[in-house]
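File shown: query34.txt (compact mmCIF, C-alpha atoms and all ligand atoms).
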# COMPACT_ATOMS: atom_id res chain seq x y z
CA MET A 1 2.45 -27.63 -23.54
CA PHE A 2 4.99 -30.23 -22.47
CA ASN A 3 5.91 -32.71 -25.14
CA LYS A 4 8.33 -35.56 -24.54
CA GLU A 5 11.15 -33.81 -26.37
CA LEU A 6 10.90 -30.74 -24.18
CA VAL A 7 10.66 -32.81 -21.02
CA ARG A 8 13.81 -34.66 -22.03
CA LYS A 9 15.59 -31.31 -22.16
CA PHE A 10 14.37 -30.52 -18.65
CA ILE A 11 15.95 -33.59 -17.16
CA ASN A 12 19.44 -32.29 -16.52
CA ARG A 13 18.34 -28.90 -15.21
CA LYS A 14 18.49 -28.21 -11.52
CA THR A 15 14.99 -28.17 -10.06
CA PRO A 16 12.84 -26.45 -9.06
CA PHE A 17 12.74 -23.91 -11.87
CA TYR A 18 10.26 -21.60 -13.50
CA TYR A 19 9.47 -22.26 -17.13
CA TYR A 20 7.86 -19.59 -19.30
CA ASP A 21 6.23 -20.37 -22.62
CA LEU A 22 6.88 -17.11 -24.48
CA GLU A 23 4.97 -18.29 -27.50
CA LEU A 24 1.82 -18.68 -25.40
CA LEU A 25 2.46 -15.25 -23.91
CA ASP A 26 2.63 -13.74 -27.40
CA ARG A 27 -0.58 -15.47 -28.47
CA THR A 28 -2.27 -14.15 -25.34
CA LEU A 29 -1.04 -10.65 -26.14
CA GLU A 30 -2.40 -10.97 -29.67
CA SER A 31 -5.81 -11.71 -28.21
CA VAL A 32 -5.56 -8.67 -25.91
CA LYS A 33 -4.70 -6.59 -28.94
CA LYS A 34 -7.51 -7.97 -31.06
CA TYR A 35 -10.28 -7.56 -28.51
CA GLY A 36 -8.91 -4.69 -26.42
CA GLN A 37 -6.28 -2.41 -27.90
CA ASP A 38 -7.78 -2.50 -31.40
CA LYS A 39 -11.06 -1.27 -29.89
CA GLY A 40 -9.21 1.77 -28.59
CA TYR A 41 -8.76 0.57 -25.01
CA HIS A 42 -5.55 1.34 -23.17
CA ILE A 43 -4.21 -1.73 -21.44
CA HIS A 44 -1.58 -1.43 -18.73
CA PHE A 45 0.20 -4.55 -17.57
CA ALA A 46 0.27 -4.88 -13.76
CA LEU A 47 3.95 -5.46 -13.03
CA LYS A 48 3.09 -6.87 -9.64
CA ALA A 49 1.94 -10.06 -11.37
CA ASN A 50 5.32 -10.62 -12.99
CA ASN A 51 8.34 -8.35 -13.28
CA ASN A 52 10.62 -10.68 -15.17
CA ASP A 53 12.60 -8.78 -17.85
CA ARG A 54 11.92 -11.21 -20.69
CA ILE A 55 8.21 -11.23 -19.98
CA LEU A 56 8.09 -7.44 -19.68
CA LYS A 57 9.94 -6.96 -22.96
CA ASN A 58 7.37 -9.04 -24.85
CA ILE A 59 4.58 -7.10 -23.18
CA LEU A 60 6.20 -3.79 -24.08
CA ALA A 61 6.65 -4.96 -27.67
CA ALA A 62 2.91 -5.67 -27.82
CA GLY A 63 2.26 -2.01 -27.07
CA LEU A 64 0.87 -2.24 -23.54
CA GLY A 65 1.48 0.34 -20.84
CA ALA A 66 2.48 -0.38 -17.24
CA ASP A 67 0.65 -0.37 -13.93
CA CYS A 68 3.07 0.03 -11.03
CA VAL A 69 2.61 -0.14 -7.27
CA SER A 70 6.01 0.96 -6.03
CA GLY A 71 8.82 3.34 -6.91
CA LYS A 72 10.95 0.39 -7.87
CA GLU A 73 8.29 -0.91 -10.25
CA ILE A 74 8.20 2.52 -11.93
CA GLU A 75 11.98 2.40 -12.32
CA LYS A 76 11.83 -1.15 -13.65
CA ALA A 77 9.14 -0.24 -16.18
CA ILE A 78 11.22 2.70 -17.42
CA GLU A 79 14.38 0.59 -17.57
CA ILE A 80 12.53 -1.93 -19.77
CA GLY A 81 11.41 0.88 -22.07
CA PHE A 82 7.82 1.73 -21.10
CA GLN A 83 7.07 5.40 -21.75
CA PRO A 84 6.37 7.40 -18.57
CA GLY A 85 3.21 8.60 -20.30
CA GLN A 86 1.95 5.00 -20.19
CA ILE A 87 2.63 4.38 -16.50
CA ALA A 88 -0.10 4.41 -13.86
CA PHE A 89 0.96 4.35 -10.22
CA ALA A 90 -1.45 2.79 -7.73
CA GLY A 91 -1.07 1.84 -4.08
CA VAL A 92 -2.70 2.66 -0.79
CA GLY A 93 0.59 3.54 0.94
CA LYS A 94 2.89 5.45 -1.37
CA THR A 95 5.93 6.93 0.38
CA ASP A 96 7.21 10.45 -0.28
CA GLU A 97 10.22 8.97 -2.08
CA GLU A 98 8.01 6.86 -4.32
CA ILE A 99 5.80 9.81 -5.17
CA GLU A 100 8.92 11.77 -6.06
CA ILE A 101 10.02 9.03 -8.47
CA GLY A 102 6.64 9.34 -10.19
CA LEU A 103 6.91 13.14 -10.29
CA GLU A 104 10.43 13.06 -11.63
CA HIS A 105 9.32 10.88 -14.55
CA ASP A 106 6.06 12.75 -15.21
CA ILE A 107 4.02 9.56 -15.26
CA PHE A 108 0.57 9.23 -16.84
CA SER A 109 -1.34 9.05 -13.58
CA PHE A 110 -1.07 8.80 -9.82
CA ASN A 111 -4.03 6.73 -8.74
CA CYS A 112 -4.70 8.29 -5.34
CA GLU A 113 -6.35 6.29 -2.61
CA SER A 114 -7.02 8.78 0.18
CA VAL A 115 -7.66 12.46 0.85
CA GLN A 116 -4.35 12.71 2.70
CA GLU A 117 -2.49 11.23 -0.24
CA VAL A 118 -4.01 13.82 -2.58
CA GLU A 119 -2.94 16.60 -0.23
CA LEU A 120 0.58 15.21 0.07
CA LEU A 121 0.89 14.83 -3.67
CA ASN A 122 -0.10 18.45 -4.22
CA ARG A 123 2.49 19.56 -1.68
CA LEU A 124 5.30 17.46 -3.16
CA ALA A 125 4.39 18.45 -6.72
CA SER A 126 4.56 22.09 -5.69
CA VAL A 127 7.98 21.61 -4.04
CA HIS A 128 9.26 20.09 -7.27
CA ASN A 129 7.49 22.61 -9.44
CA LYS A 130 5.43 19.98 -11.23
CA THR A 131 1.81 19.38 -12.06
CA ALA A 132 0.79 15.82 -11.29
CA ARG A 133 -2.00 14.13 -13.18
CA ILE A 134 -4.18 12.18 -10.81
CA ALA A 135 -7.02 9.69 -10.92
CA LEU A 136 -9.07 9.13 -7.80
CA ARG A 137 -9.24 5.48 -6.84
CA ILE A 138 -12.76 5.01 -5.62
CA ASN A 139 -13.97 2.21 -3.39
CA PRO A 140 -17.23 1.29 -5.15
CA ASN A 141 -18.43 -1.05 -2.40
CA ILE A 142 -18.77 -4.03 -4.68
CA LYS A 143 -18.12 -7.49 -3.31
CA ALA A 144 -16.48 -9.40 -6.13
CA LYS A 145 -16.78 -13.18 -6.09
CA THR A 146 -13.24 -14.23 -5.28
CA HIS A 147 -11.04 -15.26 -2.35
CA LYS A 148 -11.46 -12.73 0.45
CA TYR A 149 -7.75 -11.92 0.52
CA ILE A 150 -7.82 -10.68 -3.05
CA ALA A 151 -11.16 -8.85 -3.00
CA THR A 152 -10.44 -5.14 -2.92
CA GLY A 153 -13.61 -3.23 -3.76
CA ALA A 154 -15.86 -3.91 -0.77
CA GLU A 155 -16.58 -1.56 2.11
CA GLU A 156 -14.37 -3.47 4.55
CA ASN A 157 -11.33 -3.20 2.26
CA LYS A 158 -8.56 -0.66 2.80
CA PHE A 159 -8.53 0.47 -0.81
CA GLY A 160 -9.88 3.61 -2.40
CA ILE A 161 -11.70 6.76 -1.46
CA LEU A 162 -15.26 6.61 -0.16
CA VAL A 163 -17.99 7.73 -2.53
CA LYS A 164 -19.28 10.20 0.07
CA GLU A 165 -15.89 11.93 0.21
CA LEU A 166 -15.83 12.64 -3.52
CA PRO A 167 -17.80 15.90 -3.91
CA GLU A 168 -15.77 17.77 -1.33
CA LEU A 169 -12.49 16.29 -2.54
CA ALA A 170 -13.25 17.20 -6.15
CA ASP A 171 -13.84 20.83 -5.09
CA LYS A 172 -10.62 20.81 -3.12
CA ILE A 173 -8.60 19.51 -6.06
CA ARG A 174 -9.88 22.37 -8.20
CA ARG A 175 -8.17 24.72 -5.77
CA PHE A 176 -4.89 22.77 -5.79
CA GLU A 177 -2.48 24.36 -8.22
CA ASN A 178 -0.19 21.43 -8.75
CA LEU A 179 -2.75 18.72 -9.49
CA GLU A 180 -4.80 17.96 -12.54
CA LEU A 181 -7.70 15.57 -12.02
CA THR A 182 -7.74 13.46 -15.17
CA GLY A 183 -9.64 10.34 -14.24
CA ILE A 184 -11.22 7.91 -11.83
CA HIS A 185 -9.87 4.50 -11.00
CA PHE A 186 -11.28 1.23 -9.68
CA HIS A 187 -10.02 -2.25 -8.97
CA ILE A 188 -12.52 -4.57 -7.34
CA GLY A 189 -10.32 -7.62 -6.91
CA SER A 190 -8.38 -10.35 -8.62
CA GLN A 191 -9.16 -13.79 -10.11
CA ILE A 192 -12.73 -12.75 -10.86
CA GLU A 193 -14.37 -15.31 -13.12
CA ASP A 194 -17.97 -14.19 -12.80
CA LEU A 195 -18.28 -11.24 -15.15
CA ASN A 196 -21.40 -10.02 -13.31
CA SER A 197 -19.03 -8.36 -10.86
CA PHE A 198 -17.76 -6.21 -13.72
CA ASP A 199 -21.34 -5.43 -14.83
CA ALA A 200 -21.94 -4.12 -11.31
CA LEU A 201 -18.77 -2.04 -11.52
CA CYS A 202 -19.89 -0.49 -14.82
CA ASN A 203 -23.27 0.44 -13.34
CA LYS A 204 -21.58 2.05 -10.39
CA ILE A 205 -19.23 4.02 -12.63
CA ASN A 206 -22.18 5.25 -14.71
CA GLN A 207 -23.80 6.62 -11.55
CA LEU A 208 -20.59 8.25 -10.37
CA GLN A 209 -19.95 9.90 -13.71
CA SER A 210 -23.19 11.87 -13.29
CA MET A 211 -21.81 13.42 -10.12
CA PHE A 212 -18.72 14.63 -11.96
CA ASP A 213 -20.92 15.88 -14.84
CA GLU A 214 -22.96 17.92 -12.38
CA LYS A 215 -19.80 19.53 -11.13
CA GLU A 216 -18.71 20.12 -14.71
CA ILE A 217 -15.58 18.10 -14.17
CA ARG A 218 -14.51 16.46 -17.38
CA LEU A 219 -12.74 13.18 -16.78
CA GLN A 220 -10.34 12.27 -19.55
CA HIS A 221 -10.16 8.67 -18.55
CA ILE A 222 -11.84 5.87 -16.64
CA ASN A 223 -9.55 3.13 -15.31
CA VAL A 224 -11.39 -0.06 -14.39
CA GLY A 225 -8.33 -1.88 -13.02
CA GLY A 226 -7.73 -5.56 -13.64
CA GLY A 227 -8.96 -8.72 -12.03
CA PHE A 228 -10.02 -10.92 -14.92
CA GLY A 229 -9.58 -14.54 -13.79
CA ILE A 230 -7.94 -17.51 -15.48
CA ASP A 231 -8.85 -21.20 -15.58
CA TYR A 232 -6.63 -22.90 -13.01
CA SER A 233 -8.46 -26.19 -13.38
CA ASP A 234 -7.89 -26.59 -17.11
CA PRO A 235 -4.93 -24.52 -18.31
CA ASP A 236 -4.57 -26.43 -21.57
CA GLU A 237 -8.20 -26.14 -22.62
CA ASN A 238 -8.38 -22.46 -21.66
CA ALA A 239 -4.82 -21.29 -22.15
CA ILE A 240 -5.98 -17.89 -23.38
CA PRO A 241 -8.70 -16.20 -21.34
CA ASP A 242 -11.85 -15.13 -23.14
CA PHE A 243 -10.85 -11.51 -23.65
CA LYS A 244 -13.60 -11.04 -26.21
CA THR A 245 -16.36 -11.49 -23.63
CA TYR A 246 -14.41 -9.63 -20.97
CA PHE A 247 -13.92 -6.46 -23.01
CA GLN A 248 -17.49 -6.69 -24.37
CA THR A 249 -18.78 -6.49 -20.79
CA PHE A 250 -17.36 -2.97 -20.54
CA ASP A 251 -18.24 -2.05 -24.09
CA LYS A 252 -21.88 -2.94 -23.43
CA ASN A 253 -22.32 -1.54 -19.94
CA LEU A 254 -20.10 1.47 -19.55
CA LYS A 255 -21.36 4.82 -20.76
CA LEU A 256 -18.23 6.69 -21.72
CA ARG A 257 -18.38 10.42 -22.40
CA ASP A 258 -17.14 11.89 -25.69
CA ASN A 259 -13.41 11.34 -26.11
CA GLN A 260 -13.17 9.66 -22.74
CA LYS A 261 -10.55 6.88 -22.74
CA LEU A 262 -11.00 3.53 -21.08
CA HIS A 263 -7.99 2.03 -19.29
CA PHE A 264 -7.43 -1.47 -17.89
CA GLU A 265 -4.73 -2.85 -15.60
CA LEU A 266 -4.45 -6.54 -16.34
CA GLY A 267 -1.95 -8.82 -14.67
CA ARG A 268 -2.94 -12.43 -14.19
CA SER A 269 -4.99 -12.84 -17.36
CA ILE A 270 -1.97 -11.87 -19.47
CA VAL A 271 0.81 -13.90 -17.84
CA GLY A 272 -0.88 -16.49 -15.63
CA GLN A 273 -0.99 -19.42 -18.02
CA CYS A 274 2.44 -19.01 -19.62
CA GLY A 275 4.38 -19.97 -16.49
CA SER A 276 4.92 -23.34 -14.84
CA LEU A 277 6.96 -24.40 -11.88
CA ILE A 278 8.93 -27.54 -12.66
CA SER A 279 9.80 -29.68 -9.70
CA LYS A 280 11.20 -33.10 -8.92
CA VAL A 281 9.71 -35.75 -6.67
CA LEU A 282 12.05 -36.27 -3.74
CA PHE A 283 10.19 -38.93 -1.80
CA ILE A 284 6.99 -40.87 -1.74
CA LYS A 285 5.85 -41.64 1.76
CA GLU A 286 2.84 -43.11 3.42
CA GLY A 287 0.84 -41.12 5.93
CA TYR A 288 -1.73 -42.63 8.29
CA HIS A 289 -4.49 -41.99 5.81
CA THR A 290 -2.73 -40.42 2.87
CA ARG A 291 0.10 -40.86 0.43
CA PHE A 292 2.53 -37.97 0.23
CA ALA A 293 4.58 -36.97 -2.78
CA VAL A 294 7.27 -34.69 -1.39
CA VAL A 295 8.55 -32.47 -4.19
CA ASP A 296 11.51 -30.09 -4.21
CA ALA A 297 9.45 -26.94 -4.84
CA GLY A 298 7.71 -25.39 -1.90
CA MET A 299 5.75 -22.40 -0.72
CA THR A 300 9.00 -20.47 -1.14
CA GLU A 301 8.59 -20.75 -4.92
CA LEU A 302 4.79 -20.65 -5.06
CA ILE A 303 2.93 -19.32 -2.06
CA ARG A 304 -0.54 -19.12 -3.64
CA PRO A 305 -1.83 -22.49 -2.36
CA ALA A 306 -0.70 -21.67 1.19
CA LEU A 307 -2.01 -18.12 1.14
CA TYR A 308 -5.24 -18.35 -0.83
CA GLN A 309 -5.93 -22.09 -0.88
CA ALA A 310 -5.31 -21.84 -4.62
CA LYS A 311 -5.54 -25.09 -6.56
CA HIS A 312 -3.01 -25.33 -9.36
CA GLN A 313 -3.11 -28.23 -11.75
CA ILE A 314 -0.11 -30.55 -11.44
CA ASN A 315 1.06 -32.64 -14.40
CA HIS A 316 3.26 -35.66 -14.20
CA LEU A 317 5.99 -35.11 -16.80
CA ASP A 318 6.40 -38.74 -17.59
CA ASN A 319 10.14 -38.57 -18.03
CA LEU A 320 12.45 -41.03 -16.41
CA ASN A 321 10.07 -43.72 -15.36
CA PRO A 322 7.19 -44.24 -17.74
CA SER A 323 4.40 -44.76 -15.25
CA SER A 324 1.76 -47.39 -15.14
CA ASP A 325 -1.81 -46.49 -16.02
CA GLU A 326 -2.72 -46.65 -12.38
CA ILE A 327 -4.07 -43.43 -10.91
CA LEU A 328 -3.30 -42.86 -7.24
CA LEU A 329 -4.26 -40.11 -4.85
CA TYR A 330 -1.47 -37.90 -3.54
CA ASP A 331 -0.98 -35.07 -1.16
CA VAL A 332 1.62 -33.14 -3.12
CA VAL A 333 3.71 -31.28 -0.57
CA GLY A 334 6.89 -29.21 -0.49
CA PRO A 335 9.96 -29.50 1.75
CA ILE A 336 9.32 -26.44 3.95
CA CYS A 337 8.69 -26.93 7.67
CA GLU A 338 5.10 -25.76 7.53
CA THR A 339 1.94 -27.75 7.06
CA SER A 340 0.64 -25.02 4.78
CA ASP A 341 3.42 -26.02 2.37
CA THR A 342 0.95 -28.21 0.49
CA PHE A 343 0.16 -27.85 -3.19
CA ARG A 344 -2.73 -30.32 -3.46
CA THR A 345 -4.46 -32.89 -1.25
CA GLY A 346 -6.03 -36.12 -2.42
CA TYR A 347 -4.91 -35.28 -5.93
CA PRO A 348 -5.23 -38.00 -8.59
CA MET A 349 -2.03 -38.62 -10.55
CA PRO A 350 -0.36 -41.44 -12.42
CA GLU A 351 1.95 -43.26 -10.07
CA LEU A 352 4.84 -41.02 -9.02
CA ARG A 353 8.33 -42.20 -8.18
CA ARG A 354 11.43 -40.56 -6.78
CA GLY A 355 13.10 -38.50 -9.51
CA ASP A 356 9.97 -37.88 -11.57
CA LEU A 357 9.35 -34.38 -12.80
CA VAL A 358 6.08 -32.59 -12.25
CA ALA A 359 4.83 -29.29 -13.65
CA ILE A 360 2.77 -27.07 -11.39
CA ARG A 361 0.71 -25.09 -13.86
CA SER A 362 -0.64 -21.55 -14.19
CA CYS A 363 2.23 -20.02 -12.22
CA GLY A 364 3.03 -17.09 -14.50
CA ALA A 365 1.21 -14.58 -12.30
CA TYR A 366 2.04 -14.03 -8.63
CA GLY A 367 4.43 -16.99 -8.69
CA GLN A 368 8.03 -15.95 -9.15
CA VAL A 369 7.32 -12.42 -7.86
CA MET A 370 6.03 -13.71 -4.53
CA SER A 371 8.84 -16.18 -3.96
CA SER A 372 11.11 -15.86 -0.95
CA ASP A 373 14.29 -17.29 0.51
CA TYR A 374 12.55 -18.53 3.65
CA ASN A 375 14.60 -21.38 5.14
CA LEU A 376 17.53 -19.78 3.26
CA ARG A 377 16.44 -21.51 0.12
CA GLU A 378 18.10 -20.71 -3.14
CA ARG A 379 15.97 -18.76 -5.61
CA ALA A 380 14.62 -20.96 -8.37
CA LYS A 381 16.22 -20.51 -11.79
CA VAL A 382 14.16 -19.42 -14.76
CA PHE A 383 14.06 -20.86 -18.26
CA TYR A 384 12.13 -19.76 -21.33
CA SER A 385 10.71 -21.77 -24.18
CA ASP A 386 13.33 -20.42 -26.57
CA ASP A 387 16.13 -21.70 -24.31
CA PHE A 388 15.15 -25.18 -25.45
CA GLU A 389 14.78 -24.59 -29.18
N1 LIG B 401 -4.67 -2.98 -10.48
C1 LIG B 401 -4.58 -2.93 -9.14
C2 LIG B 401 -4.80 -1.65 -8.47
C3 LIG B 401 -4.31 -4.10 -8.41
O1 LIG B 401 -4.24 -4.03 -7.08
C4 LIG B 401 -4.11 -5.33 -9.08
C5 LIG B 401 -3.81 -6.55 -8.34
C6 LIG B 401 -4.19 -5.32 -10.49
C7 LIG B 401 -4.48 -4.14 -11.15
C8 LIG B 401 -3.97 -6.56 -11.31
O2 LIG B 401 -4.94 -7.51 -11.04
P1 LIG B 401 -5.03 -8.87 -11.89
O3 LIG B 401 -5.45 -8.52 -13.30
O4 LIG B 401 -3.71 -9.52 -11.87
O5 LIG B 401 -6.06 -9.66 -11.17
N2 LIG B 401 -1.27 -12.31 -5.15
C9 LIG B 401 -2.65 -12.55 -5.47
C10 LIG B 401 -3.25 -11.48 -6.35
C11 LIG B 401 -3.11 -10.09 -5.80
C12 LIG B 401 -3.66 -9.03 -6.72
C13 LIG B 401 -3.28 -7.68 -6.26
N3 LIG B 401 -3.75 -6.61 -7.07
C14 LIG B 401 -2.80 -13.95 -6.07
O6 LIG B 401 -1.81 -14.65 -6.21
O7 LIG B 401 -3.90 -14.38 -6.38
Just give me the structure of the file as C-alpha cells.
Ligand code: LLP
Amino acid sequence: MFNKELVRKFINRKTPFYYYDLELLDRTLESVKKYGQDKGYHIHFALKANNNDRILKNILAAGLGADCVSGKEIEKAIEIGFQPGQIAFAGVGKTDEEIEIGLEHDIFSFNCESVQEVELLNRLASVHNKTARIALRINPNIKAKTHKYIATGAEENKFGILVKELPELADKIRRFENLELTGIHFHIGSQIEDLNSFDALCNKINQLQSMFDEKEIRLQHINVGGGFGIDYSDPDENAIPDFKTYFQTFDKNLKLRDNQKLHFELGRSIVGQCGSLISKVLFIKEGYHTRFAVVDAGMTELIRPALYQAKHQINHLDNLNPSSDEILLYDVVGPICETSDTFRTGYPMPELRRGDLVAIRSCGAYGQVMSSDYNLRERAKVFYSDDFE
C-alpha cells in the first residue's frame, strides 16, 4: 500500500493525518457488488463507521444505501445524495427530534428497539400525519465471538426487543394507524470473524419467521445488520474481506419467504482497510523493562486500542532514515497523559528513530469518527490517495 514514492510525498505533511486509499475502497465495493448486490441483496453502509464525505460519495456511487443512528447521520446521508428510501434508522435511544427528521424525510425504515419507542413513533407519526415504516429490532440472544464491548445480540445487552414481547407487540402494531410493520432487524455485534455466529442468527430468524407466518404478518424485509470482521493482523494479505463466503452464509441458511428482501448494514468490512493513520516518531526512550516509541498520534485520533484492546498493525515507513535490518521490540505509545494511550506493546519493528513515519493500519472504520479533541488537540488532517497522484 505504501511505496517509497508515496511515502516521500508524505514527508512534508503535518502529522498525524488520516490517509484513505480510495482505490482500495472502490475494489472493496466491487466485491460487495459482485457477491452481495448482484445477488439481489440490499446493502446499507453504516455511517457510524465513517462519515467522511469523500468516502460516502464513493459508497453512494456504488449503489449502497445508508444505515444511520442519529438525526444528524440521516441529514448527512441525504446531503451526500442517498435516497430517503434507502435509509434505515437504528438506535436504542432515538429522541423525538431525531424521529421527526426520519418522518420528515419518509425514510425506508425505523428500526425500533423497544415497545415504548414503537408507541412514541406511532404518536409522532400521527401528529405529523405520516405513516412510518418500521422494522422491529429483535434481541436474538446470540453471543457473538467478539470483544464484549461490541457484542450486541446477547441477553445482557441493551439492544433490541425481547422475543417474548413480539406476539403482543405485533398485535398492537396492527391496531396502530400510523405504522406499517415491514420487517425485522438484527445486529449481533461487530468485528465478528467466526461465521458460525451468523449461522446461529439465520437459524434464529428462521424460527422467528414462523411466528409471524402464524399471525399472517407478511414481512417485506429481513435486515441482518452488519458485523463482518476484517483482518487486523494482515491488512495487506486480506485487504478485501471474503464477502463471497460471508454472503453465502446467509444464502445457505436463511429461509426467505417469496419476494422477501434481505438487507445488510455493513460498516467496518467496507471501509476498515482503506484507512491508515500516519504518525511521526517523536522520541525513543528506555523504560525499566521496555523500549518506548512515542509517536505524535494518540488515543485522540484512534481510540480503538484503548477502548477494545484492539491490535492494529503498525508499519515503519522507511522514509528519512533507512533503518538497519535489526528488529527491536517497542511499546508504541501516544503523547496523551493516559497509560491507555498505547497502540502496541512488545511490538517487533525495524529500528525506529526520531522523525520516522509509521502507518497505523486498518483505521478506516471507527477511527476518524471516534476521534476527539481531548487535551485540546488539533483534529488530524485527512488526505486521499488521489491527493498524491
Ligand atoms: N448496524 C447496527 C445496528 C450497528 O449497531 C452497527 C455497529 C452496524 C450495523 C455496523 O457494524 P459493522 O459492520 O461496522 O461491524 N466502535 C467499535 C464498533 C462499534 C459498532 C457499533 N455498531 C469498534 O471500533 O470496534
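With distances taken over all atoms listed in the file, A:Arg304 is the one residue among A:Arg304, A:His289, A:Lys143, A:Lys34 lying closest to ligand LIG 401 (chain B).
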Any idea what's packed within 12 Å of Tyr347 in chain A, counting only C-alpha atoms, ignoring anything in its chain fewer than 4 positions away? Could you give it as a PyMOL selection string? chain A and resi 290-293+311-316+327-333+342-343+351-352
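Closest approach to ligand LIG 401 (chain B) from the set A:Glu113, A:Asp53, A:Asp38, A:Asp386 is made by A:Glu113, with distances taken over only C-alpha atoms and all ligand atoms.
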Leaving out range 225-228 of chain A and any residue of its chain fewer than 5 positions from it, which residues lie within 9 Å of it when counting only C-alpha atoms, given as a short mmCIF file (atom, residue, chain, number, x, y, z; two decimals) with C-alpha atoms, keeping the file's coordinate frame?
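Listed below is the output, around.cif:
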data_model
loop_
_atom_site.label_atom_id
_atom_site.label_comp_id
_atom_site.auth_asym_id
_atom_site.auth_seq_id
_atom_site.Cartn_x
_atom_site.Cartn_y
_atom_site.Cartn_z
CA HIS A 44 -1.58 -1.43 -18.73
CA PHE A 45 0.20 -4.55 -17.57
CA ALA A 46 0.27 -4.88 -13.76
CA HIS A 185 -9.87 4.50 -11.00
CA PHE A 186 -11.28 1.23 -9.68
CA HIS A 187 -10.02 -2.25 -8.97
CA ILE A 188 -12.52 -4.57 -7.34
CA GLY A 189 -10.32 -7.62 -6.91
CA SER A 190 -8.38 -10.35 -8.62
CA GLN A 191 -9.16 -13.79 -10.11
CA ILE A 192 -12.73 -12.75 -10.86
CA GLU A 193 -14.37 -15.31 -13.12
CA ASP A 194 -17.97 -14.19 -12.80
CA LEU A 195 -18.28 -11.24 -15.15
CA PRO A 241 -8.70 -16.20 -21.34
CA PHE A 243 -10.85 -11.51 -23.65
CA TYR A 246 -14.41 -9.63 -20.97
CA HIS A 263 -7.99 2.03 -19.29
CA PHE A 264 -7.43 -1.47 -17.89
CA GLU A 265 -4.73 -2.85 -15.60
CA LEU A 266 -4.45 -6.54 -16.34
CA GLY A 267 -1.95 -8.82 -14.67
CA ARG A 268 -2.94 -12.43 -14.19
CA SER A 269 -4.99 -12.84 -17.36
#
Can you work out which one of A:Asn178, A:Ala151, A:Ile80, A:Asp96 has the shortest atom-to-atom distance to Thr131 in chain A, counting all atoms listed in the file? A:Asn178
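Of the listed residues A:Ile74, A:Glu79, A:Leu29, A:Thr345, the one whose atoms come nearest to Gln309 in chain A is A:Thr345, with distances taken using all atoms listed in the file.
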Given only C-alpha atoms as the basis, pick out the residue of A:Gly183, A:Gly334, A:Gln207, A:Leu357 nearest to Asn12 in chain A. A:Leu357
Among A:Asn157, A:Asn253, A:Asn122, A:Asn375, ligand LIG 401 (chain B) is approached most closely, using all atoms listed in the file, by A:Asn157
Neighbours of Val271 in chain A within 8 Å (all atoms listed in the file; same-chain residues fewer than 6 positions away dropped), as a ChimeraX atom specification? /A:25,49-50,364-365
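Picture a line from atom O7 of ligand LIG 401 (chain B) to CA of Ile150 in chain A; it runs 6.3 Å.
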Mind pulling up the distance from CA of Ala61 in chain A to CA of Phe89 in chain A? 20.6 Å
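Close contacts of Glu180 in chain A, defined as residues with an atom at most 7 Å away when counting all atoms listed in the file, with chain neighbours fewer than 6 positions off set aside, comprise Thr131, Ala132, Arg133 and Ile134 of chain A.
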Could you pull the residues within 9 Å of Lys244 in chain A, counting only C-alpha atoms, minus those fewer than 2 positions along the same chain, as an mmCIF file with C-alpha atoms, in the coordinates of the input?
data_model
loop_
_atom_site.group_PDB
_atom_site.id
_atom_site.type_symbol
_atom_site.label_atom_id
_atom_site.label_comp_id
_atom_site.auth_asym_id
_atom_site.auth_seq_id
_atom_site.Cartn_x
_atom_site.Cartn_y
_atom_site.Cartn_z
ATOM 1 C CA SER A 31 -5.810 -11.710 -28.210
ATOM 2 C CA VAL A 32 -5.560 -8.670 -25.910
ATOM 3 C CA LYS A 34 -7.510 -7.970 -31.060
ATOM 4 C CA TYR A 35 -10.280 -7.560 -28.510
ATOM 5 C CA GLY A 36 -8.910 -4.690 -26.420
ATOM 6 C CA PRO A 241 -8.700 -16.200 -21.340
ATOM 7 C CA ASP A 242 -11.850 -15.130 -23.140
ATOM 8 C CA TYR A 246 -14.410 -9.630 -20.970
ATOM 9 C CA PHE A 247 -13.920 -6.460 -23.010
ATOM 10 C CA GLN A 248 -17.490 -6.690 -24.370
ATOM 11 C CA THR A 249 -18.780 -6.490 -20.790
#
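Atom to atom, CA of Thr339 in chain A and CA of Glu326 in chain A stand 27.5 Å apart.
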